[in-house]
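Novice: Quick one: the structure is below, and I'll ask about it shortly.
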Amino acid sequence: MRPEQTDPTPRTRGIDIQPFPKADGLAFVARARAHRAALHYLLTADVTAARRLMAMSPKTLSLTGFIAVSVARAAAEAPIVHSYRDWRGRLVTHRRVDVMIPIETQTGDGPRLIPHVVRNVDTRDVAEVSSELLSVKDAPAVGILGSLHRFTGVPGLARAAATVADRSTRSRQRIGTVLLDTTGMRDVGEVFGVAAPTPMPLHVMVGSIRPDQHQMSHVIEQREVLNLTLTFDRGIVSTAQAARFTSRLCFAIEHAEALQSHVAPSVPDNPFLEREASASSDSV
């Protein structure tokens, strides 16, 4: 099920601010630390069906665009995973999911990563996101994020910029709340990437795609398995919430939910939506 079907205002942007909830024991320890306490989940997802559907589509579809839409829709169903605290310590949740994706482009100084923010990814399809990423790669626009590397040598400035990006609601509306990155190693065995600390509440690192064999009815099928690393803010997201989000994302990727508007195969009922609704009252 797509999140728009249950959202009465699917295209409305904005933020919701509420008092920060009470913490459990481990979350209290995480919040007491000077720096964000990271919670890492290593996930493997079968992308065989998704890659076959993308290959059959007449449109240009990228794996990065597919993963971005899948992550954004899962985050829209569980907004706590991309929520953050503002200057006053309140919990801020964005109604739409903006995803920052570093894109490698060629410049006069050689290859360079340009951070690009894709807006409203949870309401868009894979073809639209893939087309935007391709256009940025061909004609990169260096904005404020792409210019920050010039100031990294100034003492204290990088830390101040990271603090502003971490707490400022206005800054978040410009840079997004989800970071989708890649190791760049897709066919070299089993590779997971562990993200360095970033201001992003949710960081998804795309690892390698490895071949796997699956036996069904005495027939051995070749499968493609994608390695992902999900990084949450332990001071905000509980292990139960992170586990439910991870299970939901794995289901969406393996059943190619984000590609239904392109090919529309039959997809089994999703139990994670009902489970998330029944567990929405869990403490952080």
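In the structure tokens, chains take letters A, B, ... by order of appearance, with residues numbered from 1 within each chain and ligands from 1 in the order shown.
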Quick one: pick out all alpha helix (DSSP H) residues within range 202-269 of chain A from a backbone DSSP run and write them as JSON, numbers by chain.
Specialist: {"A": [239, 240, 241, 242, 243, 244, 245, 246, 247, 248, 249, 250, 251, 252, 253, 254]}
Novice: Which residues of range 167-220 of chain A have any atom within 12 Å of an atom in range 74-97 of chain A when counting only C-alpha atoms, and what is the closest pair of atoms for each, with the distance in Å to one decimal? Order the rows by chain and rising number and write it as a tab-separated table.
Specialist:
residue	atom	partner	partner_atom	distance
A:Arg167	CA	A:Asp86	CA	4.5
A:Ser168	CA	A:Asp86	CA	6.1
A:Thr169	CA	A:Asp86	CA	6.6
A:Arg170	CA	A:Asp86	CA	10.1
A:Ser171	CA	A:Asp86	CA	10.7
A:Arg172	CA	A:His94	CA	9.1
A:Gln173	CA	A:His94	CA	8.4
A:Arg174	CA	A:Val97	CA	11.6
A:Ile175	CA	A:Val97	CA	10.8
A:Gly176	CA	A:Val97	CA	7.2
A:Thr177	CA	A:His82	CA	5.7
A:Val178	CA	A:His82	CA	6.5
A:Leu179	CA	A:His82	CA	9.9
A:Pro199	CA	A:Tyr84	CA	9.3
A:Met200	CA	A:His82	CA	7.8
A:Pro201	CA	A:His82	CA	5.0
A:Leu202	CA	A:His82	CA	5.4
A:His203	CA	A:His82	CA	9.1
A:Val204	CA	A:His82	CA	11.4
Novice: Any chance you could export the current selection's C-alpha atoms as a compact mmCIF listing (two decimals), in the first residue's frame?
Specialist:
# COMPACT_ATOMS: atom_id res chain seq x y z
CA ARG A 167 19.07 21.63 15.15
CA SER A 168 17.77 24.29 12.76
CA THR A 169 14.32 23.59 11.31
CA ARG A 170 14.91 26.05 8.49
CA SER A 171 18.17 24.31 7.61
CA ARG A 172 16.45 20.92 7.66
CA GLN A 173 13.84 22.15 5.21
CA ARG A 174 16.70 22.87 2.80
CA ILE A 175 18.90 19.80 3.28
CA GLY A 176 16.29 17.13 4.01
CA THR A 177 16.03 14.55 6.78
CA VAL A 178 17.24 11.37 5.02
CA LEU A 179 20.67 10.72 3.51
CA PRO A 199 23.43 15.39 11.11
CA MET A 200 20.86 13.27 9.28
CA PRO A 201 18.33 11.41 11.48
CA LEU A 202 18.23 8.52 8.99
CA HIS A 203 21.23 7.45 6.92
CA VAL A 204 20.96 4.65 4.36
Novice: Skip range 127-139 of chain A itself and residues of its chain fewer than 4 positions away, then list as a VMD selection string all residues within 7 Å of it, counting only C-alpha atoms.
Specialist: chain A and resid 59 to 62 65 103 to 105
Novice: Could you pull the residues within 9 Å of range 216-233 of chain A, counting only C-alpha atoms, minus those fewer than 3 positions along the same chain, as a PyMOL selection string?
Specialist: chain A and resi 30+36-49+51+81-82+84+186+190-195+200-213+236-238+242+246
Novice: Please produce a file of the residues just selected, as a CSV table (one decimal), in the first residue's frame, where the atoms kept are C-alpha atoms.
Specialist:
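Contents of out04.csv, as written:
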chain,number,residue,atom,x,y,z
A,30,ALA,CA,22.2,7.9,24.3
A,36,ARG,CA,24.6,11.5,18.5
A,37,ALA,CA,24.5,7.8,19.4
A,38,ALA,CA,24.1,5.8,16.2
A,39,LEU,CA,22.1,2.6,15.9
A,40,HIS,CA,23.1,0.5,12.9
A,41,TYR,CA,21.1,-2.2,11.2
A,42,LEU,CA,22.6,-4.4,8.5
A,43,LEU,CA,20.0,-5.5,6.0
A,44,THR,CA,20.0,-7.8,3.0
A,45,ALA,CA,17.1,-7.5,0.5
A,46,ASP,CA,16.4,-9.6,-2.6
A,47,VAL,CA,16.2,-7.1,-5.5
A,48,THR,CA,15.8,-9.7,-8.2
A,49,ALA,CA,12.2,-8.9,-8.9
A,51,ARG,CA,15.8,-5.2,-11.2
A,81,VAL,CA,12.8,7.5,12.0
A,82,HIS,CA,13.5,10.9,10.3
A,84,TYR,CA,15.0,15.3,15.1
A,186,ARG,CA,28.1,-3.3,-6.3
A,190,GLU,CA,29.5,-9.0,0.2
A,191,VAL,CA,30.1,-5.3,1.1
A,192,PHE,CA,28.4,-3.3,3.8
A,193,GLY,CA,29.1,0.4,4.4
A,194,VAL,CA,29.1,1.9,7.9
A,195,ALA,CA,28.3,5.6,7.7
A,200,MET,CA,20.9,13.3,9.3
A,201,PRO,CA,18.3,11.4,11.5
A,202,LEU,CA,18.2,8.5,9.0
A,203,HIS,CA,21.2,7.4,6.9
A,204,VAL,CA,21.0,4.7,4.4
A,205,MET,CA,24.2,3.3,2.9
A,206,VAL,CA,23.9,1.1,-0.2
A,207,GLY,CA,26.4,-1.7,-0.4
A,208,SER,CA,27.2,-4.3,-2.9
A,209,ILE,CA,24.8,-6.6,-4.9
A,210,ARG,CA,25.9,-10.2,-4.6
A,211,PRO,CA,24.6,-13.3,-6.4
A,212,ASP,CA,22.7,-15.9,-4.4
A,213,GLN,CA,21.0,-19.2,-5.1
A,236,ILE,CA,15.1,9.3,19.3
A,237,VAL,CA,14.4,6.0,17.7
A,238,SER,CA,13.9,2.9,19.9
A,242,ALA,CA,14.0,0.7,14.1
A,246,THR,CA,13.8,-2.2,8.7
